[in-house]
Amino acid sequence: MTATLERVDEARTAPAAGRSRARARHRLTVLAFLAPAILGFALFFGYPLVATIAFSFTEYDLINPPEWIGWENYAYMFSDKLFRTAVHNTLWFVVVLTVARVVFALGVASVIARLKTGVGLVRTLCYLPSLAPPVAATLVFFLVMRPNEGPLDSFLGWFGIEGPLWFADPAWAKPGIAAVVLWVSGDLMIIILAAILDVPQEQHEAAELDGAGPVRRWWHVTLPSISPVLAFGVVNSIILALQLFTQAVVAGSAASGSADVTGSTKVLGFPENSTLTFPVWLYTQGFRYFDMGYAAAMATVLFVVSFAATALLVQRMRKASYQEES
Amino acid sequence: MRKLHRAALLCVAAAVSLTACAAGSGEQAEGSGPAAAPGKDDRFSLTVWSNYSGREQAEVTKALESFKEKFPNAEIKHEGSQDDDKITAGIRGGNPPDVALSFTTDNIGQFCSSGSFQDLEPYLGRDDVDLGQITDAVRSYTEYKGTRCAMPLLSDVYGLYYNKDMLAEAGITEPPRTTAELLDFAKRTTKRAADGSIEVAGFLPSMPFYANNPQIWAPHFGAKWEAPDGKSGLASPEWAQMLTFQKELVDFYGYDALERFRAGLGQQYSADHAFHQRKIAMMIDGEYRTAFLQDQAPDVRFGTAPFPTGKPELYGTGFTAGTIMGIPKGAKNPGAAWELIKHLSFDTETIVELANGIKNIPSTKAALADPRLEVDENFKTFIDLATSDKLQGNPVTPIGDAHIKAISDFATSWQAGGVPDLMAGLAEVDQQIDDRIAKSGK
Amino acid sequence: MTAAVGARGPVAWRKVLDWVAVHSLGLALGLMFTLPIVFVFLTAVMSDSQAFTEDLWPREWHWGNFLEVFEQAPLLTYLGNSLLYSMLATVGMLASSIPAAYALAKLRWRGRNVVFLLVVGAMMLPPQVVAVPLYDTWSGLGLTGTLWPLIVPYFLFDAFSIFLLRQFILTIPQSYVDAARVDGCTEFQALVRVVVPMARPGIAATALFCFLYTWNDYFGPLLYTSEKPDQWTLSLALSTFKGMHHVQWNLAMAVTLLIMVPAVVLFVFAQRSFVKGITFTGVKG
């Protein structure tokens, strides 16, 4: 498969015995570098994954031993109305958040990178929200975007605009949550900023000598050099969107007026299940309805689909970057 | 390929048996009758987990400490902020508390049927406990299909709150007794601005909103969750009556105007609660609201009454739910845990003091009648509801609150005008709930 | 330089305009990001009955809220636990993730791409589900009720950090690493002498995120230590301010701000290492 890409240049000219010894040593080095990771991977990922897949074929209430029921949990997905809703909501977040988050973070980082004074201050201010616990961040947005009386609506009122019901409107609740996530995307911003500042100055100077303006330099020098980090941003955003949980629960609960931070099951997804994301529904099934078998089946589906999608994406990006190199 | 297949199967088997072992550990004292009670002067310690915190937690700790009057050498560790997930994890990990308190009354079916809370019958039988001391409704939400795995720790009872001034202004002297009256009074106390937007809503019928939940409303319409055949029975005239009442009032306001009004109202447990702010004239809520109003909105002149009913003969019906406590599977010291639960469930002085402390309704008849219970005119409504034999307990199913979410979602879409045929829609919800129960296998 | 010959004026003028545009944009962004934090602050100094109402401005300034939270909860103990968790996790993450990231970015070996995919895949299991089998394992080891189930994994494997570090190390030109090898460095020496100095901004960022993630982690401590209050972290202490029928928003927000303070201080100091990027200076030394 893809693994055959490997080449062992330095060993190619050596005699056969030396080559194999060098190769063995190389393998040992790789193994040494990866040893803790391999152990950790097996313990904290491999084992839970296998357990989850196994549970997905059982009826399991978390207390009594699981009972094998075959494909029943998977079959139930087709009669579970909210399963479809949850898939739809999460797909929405994957598409919107991935694009918005990367573009937004790149934009902000690019502006900060060009600042000459007050860089530290602006960077700190932009990163500040990411330090707030997600529950607090979501509640703050809920207050700011409160219909009629919130500061955002007062602001819009100056322009004669009547704001929508935001978190209480099924059409606006998801964009509202997306706004919260963008507001706390300071970490991605910092990552991209670090990458931008890492772009060797000589490359910029060379481009400037060729008469390239700031925009063209940004496009032709900055962007290609930070593409691995942007790729990270894309994959990271997809995962974040797939696992969106806390913000959705808190926003739904606050907008329904119940203000129960832990989220009462009855108001999950408020309004009209528009904030019922896949992980929220999965969690509800597993820990509120005590149907861990079904939750595990949902987790397995989520994992398989997202893993396949990411594998494809990573493959694509690698191809793109190879073309760039050659 | 073949080899890989077998290896994978082995892994799966290993994983399943591993977790099964973890979940199955600590079954020592079960099935073999009740664990012995500790001697009066025995030294022992009990761990109690609850989801209380702050002031409420301190009050509950005080109540727990009163246990030492009976067992002077007992030591009680009360850990607050423990939710149901944590209790489940503790049971699975073989390190559960001796006594677990849970706010999620809806989960009682699961607690009892899975055995995560131990069956208390052997203890009740051994100690000859008279469950008649507890009102029927409260008993109903602490057991599942005849298995009693929990006892009540105080309860919440729901009734009508009305703003006396706002009703008087509209020429109304008595609170509504029927939902027809409620409809009429709600319209008369509603105020609109010149542009048609709502300034004051007489009664806000949206679902979900504050305590507007199907399970809290249903008893007042005589709506039952189960049909006589044991299946979900929502496609009934009573549920239809309830939803029709709701829709009529929503249509009176106009759905969009109502949503806009509702979205601007304060949170259920904050000082700008709509009733505190005089933005709604009437609402359904629990007894605890009396304390909030005295504390946060002392100027609001309010009264309480039983919530209006669909049929006159139902008047005086109330809904109740409350904190439940049980002995988790694998508890280290179940014998002593039971003594503590018994103390908290039946010791009148402790119950009364705790009820006064956190402003909830006592769950035994003796405590309800106790003169030391602080009862003012407004709180008395709830005491009366609690002692009435019309009181209805929280519905019990093996599927958590999935049934409530199903009908709540339906009501949400119905109030928005998204349901063409009410009875057909309700039948569909019945189907969803029955599917869910069938899948749960219980 | 080419343009500067005949048109010095316009270029200078354009530069000023550019400066103003970029800086006002930066200022606007800074404000936009900060305003909601200001709301948190204003709520934190409100009275209990005013907090979370439609009011934005405190009627009275209750500075005492910041002291009251210390009376309601032993915050200093929690601070110690938070520091222990975050610092050990960060150190462990660096020790385990840097070599792994290097192996994935700069070493060539069979199966590298598959392993990389698995690292990415490891982030895709919903944490709520993974928690079930993991909790069983840790309780089997008798370690629930402590912070170790949260710390130990960082010493072995943290997918996010490995992934992020790998991407940063990828941006280091291969020629530098090859040069070190030609100079007779072992892979370990190449990593320590060339890659680590060059990837310092990325490493600093990854360490910072690790620290802050664990600092704000709520569900981890809740699951593993909530029954042992002497093991609580600051973020878990936030839950102390909500009851069954009551949430003390003002105090919750005050604690939120207090929790943020050490993180902000850390960030202000740490950010210098992002600025001093690699460019040329760090390479030859």
# chains A, B, ... in the order shown; residues from 1 in each chain; ligands from 1
>>> residues_around(residues="Phe57 in chain A", least_positions_apart="5", cutoff="7 Å", atoms="only C-alpha atoms", output="JSON, numbers by chain")
{"A": [68, 69, 70, 71, 73, 293]}
>>> write_last_selection(atoms="C-alpha atoms", output="PDB file, in the first residue's frame")
ATOM      1  CA  TRP A  68     -24.881 -10.630  22.244  1.00  0.00           C
ATOM      2  CA  ILE A  69     -27.667  -9.422  19.945  1.00  0.00           C
ATOM      3  CA  GLY A  70     -25.955  -9.307  16.568  1.00  0.00           C
ATOM      4  CA  TRP A  71     -26.795  -6.438  14.277  1.00  0.00           C
ATOM      5  CA  ASN A  73     -28.310  -1.997  17.324  1.00  0.00           C
ATOM      6  CA  GLY A 293     -24.828  -1.166  23.060  1.00  0.00           C
TER       7      GLY A 293
END
>>> closest_atom_pairs(of="chain B", to="chain C", cutoff="6 Å", atoms="only C-alpha atoms", output="JSON lines")
{"residue": "B:Tyr52", "atom": "CA", "partner": "C:Gly243", "partner_atom": "CA", "distance": 5.5}
{"residue": "B:Ser53", "atom": "CA", "partner": "C:Gly243", "partner_atom": "CA", "distance": 5.3}
{"residue": "B:Glu79", "atom": "CA", "partner": "C:Glu227", "partner_atom": "CA", "distance": 5.9}
{"residue": "B:Gly93", "atom": "CA", "partner": "C:Ser139", "partner_atom": "CA", "distance": 5.1}
{"residue": "B:Tyr269", "atom": "CA", "partner": "C:His246", "partner_atom": "CA", "distance": 5.6}
{"residue": "B:Ala271", "atom": "CA", "partner": "C:Ser49", "partner_atom": "CA", "distance": 5.1}
{"residue": "B:Asp272", "atom": "CA", "partner": "C:Thr53", "partner_atom": "CA", "distance": 4.9}
>>> select_by_dssp(residues="range 257-317 of chain A", states="alpha helix (DSSP H)", output="VMD selection string")
chain A and resid 278 to 283 292 to 317
>>> write_last_selection(atoms="N, CA and C atoms", output="short mmCIF file (atom, residue, chain, number, x, y, z; two decimals), in the first residue's frame")
data_model
loop_
_atom_site.label_atom_id
_atom_site.label_comp_id
_atom_site.auth_asym_id
_atom_site.auth_seq_id
_atom_site.Cartn_x
_atom_site.Cartn_y
_atom_site.Cartn_z
N PHE A 278 -24.48 14.51 16.89
CA PHE A 278 -24.29 13.05 16.98
C PHE A 278 -23.75 12.63 18.34
N PRO A 279 -22.68 13.27 18.84
CA PRO A 279 -22.19 12.87 20.17
C PRO A 279 -23.21 13.11 21.27
N VAL A 280 -24.02 14.16 21.14
CA VAL A 280 -25.03 14.42 22.18
C VAL A 280 -26.04 13.28 22.22
N TRP A 281 -26.48 12.85 21.05
CA TRP A 281 -27.47 11.77 20.99
C TRP A 281 -26.85 10.45 21.45
N LEU A 282 -25.61 10.26 21.04
CA LEU A 282 -24.88 9.06 21.45
C LEU A 282 -24.74 9.01 22.97
N TYR A 283 -24.37 10.14 23.54
CA TYR A 283 -24.20 10.20 24.99
C TYR A 283 -25.54 9.94 25.69
N MET A 292 -25.92 1.25 26.25
CA MET A 292 -24.54 1.40 25.82
C MET A 292 -24.27 0.66 24.53
N GLY A 293 -25.00 -0.43 24.30
CA GLY A 293 -24.83 -1.17 23.06
C GLY A 293 -25.12 -0.29 21.86
N TYR A 294 -26.24 0.41 21.93
CA TYR A 294 -26.62 1.28 20.83
C TYR A 294 -25.64 2.44 20.71
N ALA A 295 -25.25 3.01 21.85
CA ALA A 295 -24.28 4.11 21.82
C ALA A 295 -22.97 3.64 21.18
N ALA A 296 -22.56 2.43 21.51
CA ALA A 296 -21.32 1.90 20.94
C ALA A 296 -21.46 1.71 19.44
N ALA A 297 -22.65 1.28 19.01
CA ALA A 297 -22.88 1.13 17.57
C ALA A 297 -22.78 2.48 16.89
N MET A 298 -23.37 3.51 17.53
CA MET A 298 -23.27 4.86 16.95
C MET A 298 -21.82 5.31 16.91
N ALA A 299 -21.08 5.03 17.97
CA ALA A 299 -19.67 5.42 18.02
C ALA A 299 -18.89 4.72 16.92
N THR A 300 -19.20 3.45 16.70
CA THR A 300 -18.50 2.71 15.66
C THR A 300 -18.76 3.31 14.29
N VAL A 301 -20.02 3.62 14.03
CA VAL A 301 -20.37 4.23 12.75
C VAL A 301 -19.62 5.55 12.59
N LEU A 302 -19.66 6.36 13.65
CA LEU A 302 -18.98 7.65 13.60
C LEU A 302 -17.50 7.47 13.31
N PHE A 303 -16.90 6.49 13.98
CA PHE A 303 -15.47 6.27 13.81
C PHE A 303 -15.15 5.82 12.39
N VAL A 304 -15.89 4.83 11.91
CA VAL A 304 -15.59 4.29 10.58
C VAL A 304 -15.73 5.38 9.52
N VAL A 305 -16.83 6.11 9.59
CA VAL A 305 -17.07 7.14 8.58
C VAL A 305 -16.01 8.23 8.66
N SER A 306 -15.74 8.71 9.88
CA SER A 306 -14.81 9.83 9.96
C SER A 306 -13.38 9.39 9.66
N PHE A 307 -13.06 8.15 10.03
CA PHE A 307 -11.72 7.67 9.73
C PHE A 307 -11.52 7.53 8.23
N ALA A 308 -12.52 6.97 7.55
CA ALA A 308 -12.42 6.83 6.09
C ALA A 308 -12.28 8.19 5.43
N ALA A 309 -13.10 9.14 5.88
CA ALA A 309 -13.05 10.47 5.28
C ALA A 309 -11.69 11.12 5.50
N THR A 310 -11.15 10.98 6.70
CA THR A 310 -9.87 11.61 6.99
C THR A 310 -8.74 10.92 6.23
N ALA A 311 -8.81 9.60 6.14
CA ALA A 311 -7.78 8.88 5.40
C ALA A 311 -7.72 9.39 3.97
N LEU A 312 -8.90 9.55 3.39
CA LEU A 312 -8.98 10.05 2.02
C LEU A 312 -8.36 11.44 1.93
N LEU A 313 -8.73 12.27 2.91
CA LEU A 313 -8.26 13.64 2.91
C LEU A 313 -6.74 13.70 3.06
N VAL A 314 -6.22 12.92 4.00
CA VAL A 314 -4.78 12.92 4.24
C VAL A 314 -4.04 12.46 2.98
N GLN A 315 -4.59 11.44 2.34
CA GLN A 315 -4.01 10.92 1.10
C GLN A 315 -3.92 12.02 0.04
N ARG A 316 -5.05 12.71 -0.11
CA ARG A 316 -5.14 13.80 -1.07
C ARG A 316 -4.09 14.85 -0.80
N MET A 317 -4.02 15.24 0.50
CA MET A 317 -3.12 16.33 0.85
C MET A 317 -1.68 15.93 0.60
#
>>> closest_atom_pairs(of="range 330-403 of chain B", to="range 284-295 of chain B", cutoff="10 Å", atoms="only C-alpha atoms", output="tab-separated table")
residue	atom	partner	partner_atom	distance
B:Ile358	CA	B:Tyr288	CA	8.0
B:Lys359	CA	B:Tyr288	CA	5.6
B:Asn360	CA	B:Tyr288	CA	6.0
B:Ile361	CA	B:Glu287	CA	7.4
B:Asp376	CA	B:Thr290	CA	9.5
B:Asn378	CA	B:Thr290	CA	7.1
B:Phe379	CA	B:Glu287	CA	6.5
B:Lys380	CA	B:Glu287	CA	9.3
B:Thr381	CA	B:Glu287	CA	8.6
B:Phe382	CA	B:Glu287	CA	6.2
B:Ile383	CA	B:Glu287	CA	8.9
>>> residues_around(residues="range 57-59 of chain C", least_positions_apart="5", cutoff="8 Å", atoms="only C-alpha atoms", output="PyMOL selection string")
chain C and resi 42-43+45-47+50
>>> residues_around(residues="Pro214 in chain B", least_positions_apart="6", cutoff="9 Å", atoms="only C-alpha atoms", output="JSON, numbers by chain")
{"B": [207, 208, 404, 405, 407, 408, 411]}
>>> write_last_selection(atoms="C-alpha atoms", output="mmCIF file, in the first residue's frame")
data_model
loop_
_atom_site.group_PDB
_atom_site.id
_atom_site.type_symbol
_atom_site.label_atom_id
_atom_site.label_comp_id
_atom_site.auth_asym_id
_atom_site.auth_seq_id
_atom_site.Cartn_x
_atom_site.Cartn_y
_atom_site.Cartn_z
ATOM 1 C CA MET B 207 -43.046 23.522 25.592
ATOM 2 C CA PRO B 208 -40.414 23.166 26.863
ATOM 3 C CA ILE B 404 -40.972 12.340 27.729
ATOM 4 C CA LYS B 405 -38.557 13.633 25.115
ATOM 5 C CA ILE B 407 -43.878 13.689 23.409
ATOM 6 C CA SER B 408 -42.087 16.925 24.245
ATOM 7 C CA ALA B 411 -45.589 19.134 21.387
#
>>> closest_atom_pairs(of="chain A", to="chain B", cutoff="7 Å", atoms="only C-alpha atoms", output="Markdown table")
| residue | atom | partner | partner_atom | distance |
| --- | --- | --- | --- | --- |
| A:Val50 | CA | B:Val12 | CA | 6.0 |
| A:Ala51 | CA | B:Ala15 | CA | 5.2 |
| A:Ala54 | CA | B:Val12 | CA | 5.6 |
| A:Ile63 | CA | B:Ala23 | CA | 5.8 |
| A:Asn64 | CA | B:Ala23 | CA | 6.6 |
| A:Pro65 | CA | B:Ala20 | CA | 5.0 |
| A:Pro66 | CA | B:Ala20 | CA | 6.9 |
| A:Arg146 | CA | B:Gly264 | CA | 6.4 |
| A:Pro147 | CA | B:Gly264 | CA | 5.3 |
| A:Asn148 | CA | B:Gly264 | CA | 6.1 |
| A:Glu149 | CA | B:Gly264 | CA | 6.7 |
| A:Leu165 | CA | B:Arg260 | CA | 6.5 |
| A:Ala168 | CA | B:Ala263 | CA | 6.1 |
| A:Ser256 | CA | B:Phe209 | CA | 6.1 |
| A:Gly257 | CA | B:Gln267 | CA | 4.7 |
| A:Ser258 | CA | B:Gln268 | CA | 5.2 |
| A:Ala259 | CA | B:Gln267 | CA | 5.9 |
| A:Lys266 | CA | B:Lys405 | CA | 5.0 |
| A:Val267 | CA | B:Pro208 | CA | 6.9 |
| A:Glu272 | CA | B:Asp409 | CA | 6.7 |
| A:Phe287 | CA | B:Asp85 | CA | 6.6 |
| A:Arg288 | CA | B:Gly400 | CA | 6.3 |
| A:Tyr289 | CA | B:Gly400 | CA | 5.0 |
>>> residues_around(residues="Leu31 in chain C", least_positions_apart="3", cutoff="12 Å", atoms="only C-alpha atoms", output="MDAnalysis selection string")
(chainID A and resid 121:129 183) or (chainID C and resid 24:28 34:38)
>>> closest_residue(among="A:Leu143, A:Ala248, A:Val229, A:Ile238", to="Ile169 in chain C", atoms="only C-alpha atoms")
A:Val229
>>> atom_distance(atom1="CA of Ser113 in chain B", atom2="CA of Asp61 in chain A")
10.2 Å
>>> atom_distance(atom1="CA of Gly211 in chain A", atom2="CA of Ala105 in chain A")
27.7 Å
>>> closest_residue(among="C:Leu88, C:Leu79, C:Val177, C:Leu156", to="chain A", atoms="only C-alpha atoms")
C:Leu156
>>> residues_around(residues="Phe346 in chain B", least_positions_apart="2", cutoff="12 Å", atoms="only C-alpha atoms", output="MDAnalysis selection string")
chainID B and resid 67 129:134 151:154 338:344 348:352 362:368
>>> write_last_selection(atoms="C-alpha atoms", output="short mmCIF file (atom, residue, chain, number, x, y, z; two decimals), in the first residue's frame")
data_model
loop_
_atom_site.label_atom_id
_atom_site.label_comp_id
_atom_site.auth_asym_id
_atom_site.auth_seq_id
_atom_site.Cartn_x
_atom_site.Cartn_y
_atom_site.Cartn_z
CA PHE B 67 -27.91 9.78 62.03
CA VAL B 129 -41.44 -1.04 57.63
CA ASP B 130 -44.84 0.47 56.99
CA LEU B 131 -44.63 2.04 53.54
CA GLY B 132 -48.06 3.51 54.18
CA GLN B 133 -46.23 6.36 55.90
CA ILE B 134 -45.28 7.57 52.44
CA MET B 151 -36.59 5.66 48.92
CA PRO B 152 -37.62 9.30 48.56
CA LEU B 153 -35.66 12.17 50.07
CA LEU B 154 -38.16 15.03 50.10
CA TRP B 338 -30.02 0.81 54.88
CA GLU B 339 -30.14 2.17 58.43
CA LEU B 340 -29.11 5.57 57.11
CA ILE B 341 -31.69 5.47 54.33
CA LYS B 342 -34.35 4.42 56.79
CA HIS B 343 -33.37 7.30 59.05
CA LEU B 344 -33.58 9.85 56.24
CA THR B 348 -39.76 13.02 61.19
CA GLU B 349 -37.52 15.53 62.89
CA THR B 350 -34.75 15.10 60.33
CA ILE B 351 -37.15 15.35 57.42
CA VAL B 352 -38.86 18.44 58.77
CA PRO B 362 -41.49 16.26 53.09
CA SER B 363 -42.23 12.80 51.78
CA THR B 364 -43.88 11.18 54.80
CA LYS B 365 -47.38 11.81 56.10
CA ALA B 366 -46.11 12.42 59.63
CA ALA B 367 -43.63 15.06 58.51
CA LEU B 368 -46.24 16.73 56.31
#
>>> residues_around(residues="range 44-46 of chain B", least_positions_apart="4", cutoff="6 Å", atoms="only C-alpha atoms", output="JSON list (two decimals) with C-alpha atoms, in the first residue's frame")
[["chain", "number", "residue", "atom", "x", "y", "z"],
["B", 74, "ALA", "CA", -20.78, 6.26, 62.72],
["B", 75, "GLU", "CA", -18.76, 8.40, 60.42],
["B", 76, "ILE", "CA", -20.47, 9.85, 57.36],
["B", 98, "ASP", "CA", -22.82, 3.16, 50.35]]
>>> closest_residue(among="C:Val115, C:Leu164, C:Met123, C:Leu75", to="Ser97 in chain C", atoms="only C-alpha atoms")
C:Leu164
>>> select_by_dssp(residues="range 234-351 of chain B", states="strand (DSSP E or B)", output="JSON, numbers by chain")
{"B": [280, 281, 282, 283, 284, 285, 286, 302, 303, 304, 305, 309, 319, 320, 321, 322, 323, 324, 325, 326, 328]}
>>> closest_residue(among="A:Phe83, A:Phe167, A:Trp172, A:Phe142", to="chain C", atoms="only C-alpha atoms")
A:Phe142
>>> atom_distance(atom1="CA of Pro228 in chain A", atom2="CA of Pro173 in chain C")
12.3 Å
>>> closest_residue(among="A:Tyr74, A:Trp92, A:Phe159, A:Phe104", to="chain C", atoms="only C-alpha atoms")
A:Phe104
